[in-house]
file coords35.txt (compact mmCIF, C-alpha atoms)
# COMPACT_ATOMS: atom_id res chain seq x y z
CA MET A 64 61.55 -13.26 73.03
CA LYS A 65 57.99 -12.61 74.20
CA GLU A 66 55.13 -14.66 72.76
CA PHE A 67 51.42 -13.87 72.76
CA PRO A 68 48.27 -15.97 72.11
CA THR A 69 47.53 -16.03 68.38
CA GLN A 70 43.79 -15.38 68.72
CA LYS A 71 44.39 -12.38 70.98
CA VAL A 72 46.96 -10.91 68.59
CA LEU A 73 44.67 -11.39 65.61
CA GLU A 74 41.79 -9.72 67.43
CA LEU A 75 44.07 -6.78 68.25
CA ALA A 76 45.13 -6.59 64.59
CA CYS A 77 41.45 -6.26 63.65
CA ALA A 78 40.90 -3.67 66.38
CA ALA A 79 43.90 -1.66 65.13
CA GLN A 80 42.57 -1.84 61.55
CA ARG A 81 39.17 -0.58 62.73
CA THR A 82 40.73 2.19 64.84
CA ASN A 83 43.00 3.51 62.07
CA GLY A 84 40.51 2.87 59.31
CA SER A 85 43.18 1.09 57.23
CA TYR A 86 46.54 -0.61 57.57
CA MET A 87 49.21 1.90 58.53
CA LYS A 88 52.87 0.91 58.47
CA GLU A 89 54.31 4.35 59.29
CA THR A 90 53.39 7.16 61.70
CA GLU A 91 51.33 9.91 60.06
CA SER A 92 50.40 13.41 61.21
CA VAL A 93 46.85 14.62 60.56
CA TYR A 94 46.66 18.32 59.68
CA ALA A 95 43.88 20.91 59.92
CA ASP A 96 43.08 23.13 56.94
CA ASP A 97 45.43 25.80 58.27
CA GLY A 98 48.36 23.36 58.36
CA VAL A 99 48.36 22.86 62.14
CA VAL A 100 48.92 19.28 63.33
CA MET A 101 45.72 18.07 65.01
CA TYR A 102 46.92 14.62 66.08
CA THR A 103 49.18 11.73 65.12
CA LYS A 104 48.11 8.33 63.84
CA TYR A 105 50.38 5.48 64.82
CA PRO A 106 51.04 2.25 62.88
CA ASN A 107 48.72 -0.67 63.56
CA LYS A 108 51.65 -2.68 64.91
CA VAL A 109 52.46 0.04 67.45
CA LEU A 110 48.86 0.15 68.72
CA MET A 111 48.99 -3.62 69.16
CA MET A 112 52.34 -3.47 71.00
CA ILE A 113 51.06 -0.78 73.39
CA THR A 114 48.08 -3.00 74.24
CA LEU A 115 50.16 -6.13 74.70
CA ASP A 116 52.86 -4.46 76.82
CA ASP A 117 51.60 -2.07 79.51
CA LYS A 118 55.18 -0.86 80.07
CA LEU A 119 55.19 0.66 76.59
CA VAL A 120 53.58 4.09 76.88
CA ILE A 121 53.02 6.79 74.25
CA PRO A 122 51.34 10.00 75.46
CA ASP A 123 47.69 10.38 74.36
CA VAL A 124 47.64 6.87 72.83
CA LYS A 125 45.21 4.47 74.43
CA ALA A 126 45.35 0.69 74.46
CA LEU A 127 43.08 -1.02 71.96
CA LYS A 128 39.71 -2.33 73.07
CA VAL A 129 38.55 -5.47 71.31
CA GLU A 130 34.94 -5.28 70.21
CA PRO A 131 32.71 -8.24 69.21
CA GLU A 132 33.16 -7.26 65.54
CA ASP A 133 36.94 -7.63 65.94
CA THR A 134 36.53 -11.14 67.35
CA ALA A 135 34.21 -12.09 64.49
CA ARG A 136 36.63 -10.61 61.95
CA ALA A 137 39.54 -12.54 63.49
CA GLU A 138 37.60 -15.79 63.19
CA GLU A 139 36.76 -14.99 59.56
CA ILE A 140 40.47 -14.46 58.81
CA GLN A 141 41.40 -17.72 60.52
CA LYS A 142 38.86 -19.64 58.40
CA TYR A 143 40.00 -17.91 55.22
CA TYR A 144 43.63 -18.92 55.63
CA LYS A 145 42.74 -22.45 56.70
CA ARG A 146 41.09 -22.84 53.29
CA LEU A 147 44.41 -21.83 51.70
CA LEU A 148 46.33 -24.38 53.77
CA PHE A 149 47.19 -26.57 50.76
CA ALA A 150 48.95 -23.76 48.91
CA ALA A 151 50.89 -22.93 52.07
CA ILE A 152 51.97 -26.54 52.55
CA GLU A 153 53.04 -26.76 48.92
CA GLY A 154 55.27 -23.76 49.50
CA GLU A 155 53.96 -21.92 46.45
CA ASN A 156 53.65 -18.69 48.38
CA ASP A 157 56.21 -17.66 51.01
CA PHE A 158 53.82 -15.24 52.70
CA LEU A 159 51.09 -17.89 52.96
CA THR A 160 53.59 -20.39 54.32
CA THR A 161 54.66 -17.95 57.04
CA ILE A 162 51.10 -16.97 57.93
CA ASN A 163 50.00 -20.61 58.09
CA SER A 164 52.92 -21.37 60.42
CA ILE A 165 52.00 -18.48 62.73
CA LEU A 166 48.26 -19.19 62.79
CA SER A 167 48.87 -22.89 63.45
CA SER A 168 51.35 -22.39 66.29
CA GLY A 169 48.98 -21.01 68.91
CA THR A 170 51.35 -18.20 69.80
CA VAL A 171 52.91 -15.24 67.99
CA LYS A 172 56.50 -14.16 68.62
CA GLU A 173 57.16 -10.47 69.17
CA ASN A 174 59.09 -10.22 65.90
CA GLN A 175 56.09 -11.65 64.01
CA LEU A 176 53.62 -8.93 65.04
CA GLY A 177 54.15 -7.11 61.75
CA TYR A 178 52.74 -10.07 59.82
CA MET A 179 49.64 -10.10 61.99
CA ALA A 180 49.18 -6.34 61.88
CA CYS A 181 48.80 -6.34 58.10
CA LEU A 182 46.69 -9.51 57.92
CA PRO A 183 43.19 -7.91 58.09
CA SER A 184 44.12 -5.61 55.20
CA VAL A 185 45.79 -8.35 53.15
CA GLN A 186 42.92 -10.80 53.65
CA ALA A 187 40.28 -8.22 52.70
CA ARG A 188 42.21 -7.31 49.54
CA ASP A 189 42.73 -10.95 48.57
CA ALA A 190 39.08 -11.78 49.16
CA VAL A 191 38.04 -8.97 46.79
CA HIS A 192 40.57 -10.10 44.18
CA ASN A 193 39.13 -13.62 44.38
CA GLU A 194 35.60 -12.25 43.94
CA VAL A 195 36.67 -10.33 40.84
CA LYS A 196 38.37 -13.47 39.54
CA ARG A 197 35.16 -15.50 39.99
CA ALA A 198 33.14 -12.78 38.30
CA ALA A 199 35.59 -12.68 35.38
CA ARG A 200 34.88 -16.36 34.75
CA SER A 201 31.11 -15.87 34.54
CA VAL A 202 30.58 -12.53 32.75
CA GLU A 203 29.93 -12.20 29.04
CA GLU A 204 32.59 -11.03 26.63
CA GLY A 205 31.85 -7.88 24.71
CA PHE A 206 31.53 -4.17 25.45
CA LEU A 207 28.83 -1.77 26.57
CA GLY A 208 29.23 0.38 23.47
CA LYS A 209 31.67 2.06 21.14
CA PRO A 210 33.99 4.91 22.21
CA GLU A 211 32.04 8.16 22.60
CA ASP A 212 28.73 6.31 23.11
CA ARG A 213 26.63 7.71 25.96
CA LEU A 214 25.07 5.41 28.57
CA ALA A 215 22.33 6.11 31.10
CA ASP A 216 20.24 4.48 33.83
CA LEU A 217 22.14 1.19 34.13
CA ASP A 218 22.15 -1.19 37.10
CA CYS A 219 25.67 -1.91 38.28
CA GLU A 220 27.45 -4.12 40.81
CA ILE A 221 30.71 -2.60 42.05
CA LEU A 222 33.27 -5.32 42.73
CA GLU A 223 36.45 -3.45 43.51
CA VAL A 224 37.38 0.05 44.74
CA ILE A 225 41.13 0.80 44.73
CA LYS A 226 42.75 4.10 45.72
CA SER A 227 44.91 5.29 42.85
CA LYS A 228 48.62 5.73 43.52
CA ASN A 229 48.98 8.26 40.72
CA PHE A 230 45.75 10.26 40.80
CA ASP A 231 43.46 11.77 43.41
CA GLY A 232 40.70 9.23 43.02
CA TRP A 233 39.63 5.59 43.04
CA ASN A 234 39.68 3.02 40.28
CA ILE A 235 36.32 1.26 40.14
CA CYS A 236 35.76 -2.20 38.66
CA ALA A 237 32.14 -3.25 38.17
CA ILE A 238 29.72 -5.47 36.29
CA ILE A 239 27.16 -3.74 34.08
CA ASN A 240 24.80 -5.76 31.87
CA ASN A 241 26.89 -8.84 32.79
CA LYS A 242 30.02 -7.24 31.29
CA ILE A 243 33.09 -5.81 32.99
CA ALA A 244 33.42 -2.04 33.13
CA SER A 245 35.74 0.34 34.98
CA TRP A 246 36.27 4.04 35.59
CA MET A 247 38.04 6.55 37.81
CA SER A 248 35.94 8.18 40.51
CA GLN A 249 36.77 11.25 42.59
CA VAL A 250 34.38 9.86 45.23
CA GLU A 251 35.11 6.66 47.14
CA LEU A 252 32.18 4.45 46.17
CA LYS A 253 31.22 1.35 48.11
CA ARG A 254 31.30 -2.22 46.88
CA GLY A 255 27.82 -3.46 46.04
CA PRO A 256 24.77 -2.27 44.08
CA CYS A 257 24.97 1.02 42.23
CA VAL A 258 23.13 2.87 39.44
CA ILE A 259 25.02 4.48 36.58
CA VAL A 260 22.95 7.63 36.09
CA LYS A 261 25.02 8.59 33.07
CA ALA A 262 28.43 7.85 31.57
CA LYS A 263 30.41 7.95 28.36
CA VAL A 264 32.41 5.12 26.82
CA LYS A 265 36.07 6.12 26.86
CA ASP A 266 37.54 3.05 25.18
CA ASN A 267 37.33 -0.73 24.93
CA SER A 268 40.24 -2.87 26.13
CA LYS A 269 41.12 -5.89 28.27
CA HIS A 270 41.05 -6.20 32.06
CA TRP A 271 44.65 -5.79 33.22
CA ARG A 272 44.62 -8.93 35.36
CA HIS A 273 42.05 -11.33 33.92
CA GLN A 274 42.13 -10.27 30.25
CA ASN A 275 38.36 -10.13 29.87
CA ASP A 276 36.82 -7.55 27.56
CA GLU A 277 36.49 -4.36 29.59
CA THR A 278 34.62 -1.13 28.84
CA ARG A 279 36.46 1.88 30.23
CA LEU A 280 34.10 4.73 31.13
CA ASN A 281 34.49 8.42 31.92
CA TYR A 282 32.20 11.30 32.94
CA VAL A 283 30.46 8.80 35.20
CA LYS A 284 27.67 9.90 37.51
CA ALA A 285 26.90 7.05 39.90
CA ALA A 286 24.29 6.76 42.66
CA GLN A 287 24.31 4.42 45.63

call {"tool": "encode", "arguments": {"input": "coords35.txt", "output": "structure tokens"}}
result
Amino acid sequence: MKEFPTQKVLELACAAQRTNGSYMKETESVYADDGVVMYTKYPNKVLMMITLDDKLVIPDVKALKVEPEDTARAEEIQKYYKRLLFAAIEGENDFLTTINSILSSGTVKENQLGYMACLPSVQARDAVHNEVKRAARSVEEGFLGKPEDRLADLDCEILEVIKSKNFDGWNICAIINNKIASWMSQVELKRGPCVIVKAKVKDNSKHWRHQNDETRLNYVKAAQ
């Protein structure tokens, strides 16, 4: 079985993530408005394999080119998982144990490329989850208002932006007035500073993961 240098594979995983814009596990066709197929997007793993093996050729698919940002991202991922080494050694998480083994070995076997292909996406998601977890420990309990209350001109820090599996939109988690708030957005907002131009309190509940008080908003107009 072929083996490849770990750092090179991780850099290619980051390049594939940048090229596709996200982690792709399956081949997808991209259509024009009239339903005609414009081009095909291939899984991150396939792009990596084409680059690693020049005998593997797919028409119109070019080998990945590693940019400085991919190298920097690969180093960031390496450092992140080194900090989680204890959990991997303890065997509390099978995925972490496998990743630690691969990253520590110096080489990646051909049948392990799938783990590396998803790693930039998994690490980015986990880093955001950890940031939300830290924020949940420091925010105040309480709500921004009662259901039906109207809000306006509020500074906001968006922590998490997750594409909904059930609706055509994104679920936003944010801190407003040092309290947790969330809403559905039809526009993909960016993590970071934001201004709530206006909104309405939909209901008051608990954050699904951390159980903090959470104000659920609707009719949100946000500016970044």

call {"tool": "residues_around", "arguments": {"input": "coords35.txt", "residues": "A:Val109", "least_positions_apart": "2", "cutoff": "12 Å", "atoms": "all atoms listed in the file", "output": "NGL selection string"}}
result
:A and (75-76 or 79-80 or 83 or 86-90 or 104-107 or 111-116 or 119-121 or 124-127 or 173 or 176-177 or 179-181)

call {"tool": "closest_residue", "arguments": {"input": "coords35.txt", "among": "A:Asn163, A:Thr82, A:Thr278, A:Asn156", "to": "A:Asn241", "atoms": "only C-alpha atoms"}}
result
A:Thr278

call {"tool": "residues_around", "arguments": {"input": "coords35.txt", "residues": "stretch 192-201 of chain A", "least_positions_apart": "5", "cutoff": "10 Å", "atoms": "all atoms listed in the file", "output": "PyMOL selection string"}}
result
chain A and resi 186-187+221-223+236-238+241-243+270+272-276

call {"tool": "atom_distance", "arguments": {"input": "coords35.txt", "atom1": "atom CA of A:Pro131", "atom2": "atom CA of A:Val72"}}
result
14.5 Å

call {"tool": "atom_distance", "arguments": {"input": "coords35.txt", "atom1": "atom CA of A:Lys253", "atom2": "atom CA of A:Lys142"}}
result
24.6 Å

call {"tool": "residues_near_point", "arguments": {"input": "coords35.txt", "point": "(20.6, -6.0, 32.0)", "cutoff": "8 Å", "atoms": "all atoms listed in the file", "output": "PyMOL selection string"}}
result
chain A and resi 217-218+239-241

call {"tool": "atom_distance", "arguments": {"input": "coords35.txt", "atom1": "atom CA of A:Lys228", "atom2": "atom CA of A:Val100"}}
result
24.0 Å

call {"tool": "residues_near_point", "arguments": {"input": "coords35.txt", "point": "(38.3, -19.7, 66.2)", "cutoff": "12 Å", "atoms": "only C-alpha atoms", "output": "list in words"}}
result
Thr69, Gln70, Lys71, Leu73, Glu74, Thr134, Ala135, Arg136, Ala137, Glu138, Glu139, Ile140, Gln141, Lys142, Tyr143, Tyr144, Lys145, Leu166, Ser167 and Gly169 of chain A

call {"tool": "closest_residue", "arguments": {"input": "coords35.txt", "among": "A:Phe158, A:Phe230, A:Tyr178, A:Trp246", "to": "A:Lys265", "atoms": "all atoms listed in the file"}}
result
A:Trp246

call {"tool": "closest_residue", "arguments": {"input": "coords35.txt", "among": "A:Ala215, A:Met101, A:Val171, A:Ala95", "to": "A:Lys65", "atoms": "only C-alpha atoms"}}
result
A:Val171

call {"tool": "closest_residue", "arguments": {"input": "coords35.txt", "among": "A:Val185, A:Val191, A:Met64, A:Val260", "to": "A:Ala285", "atoms": "all atoms listed in the file"}}
result
A:Val260
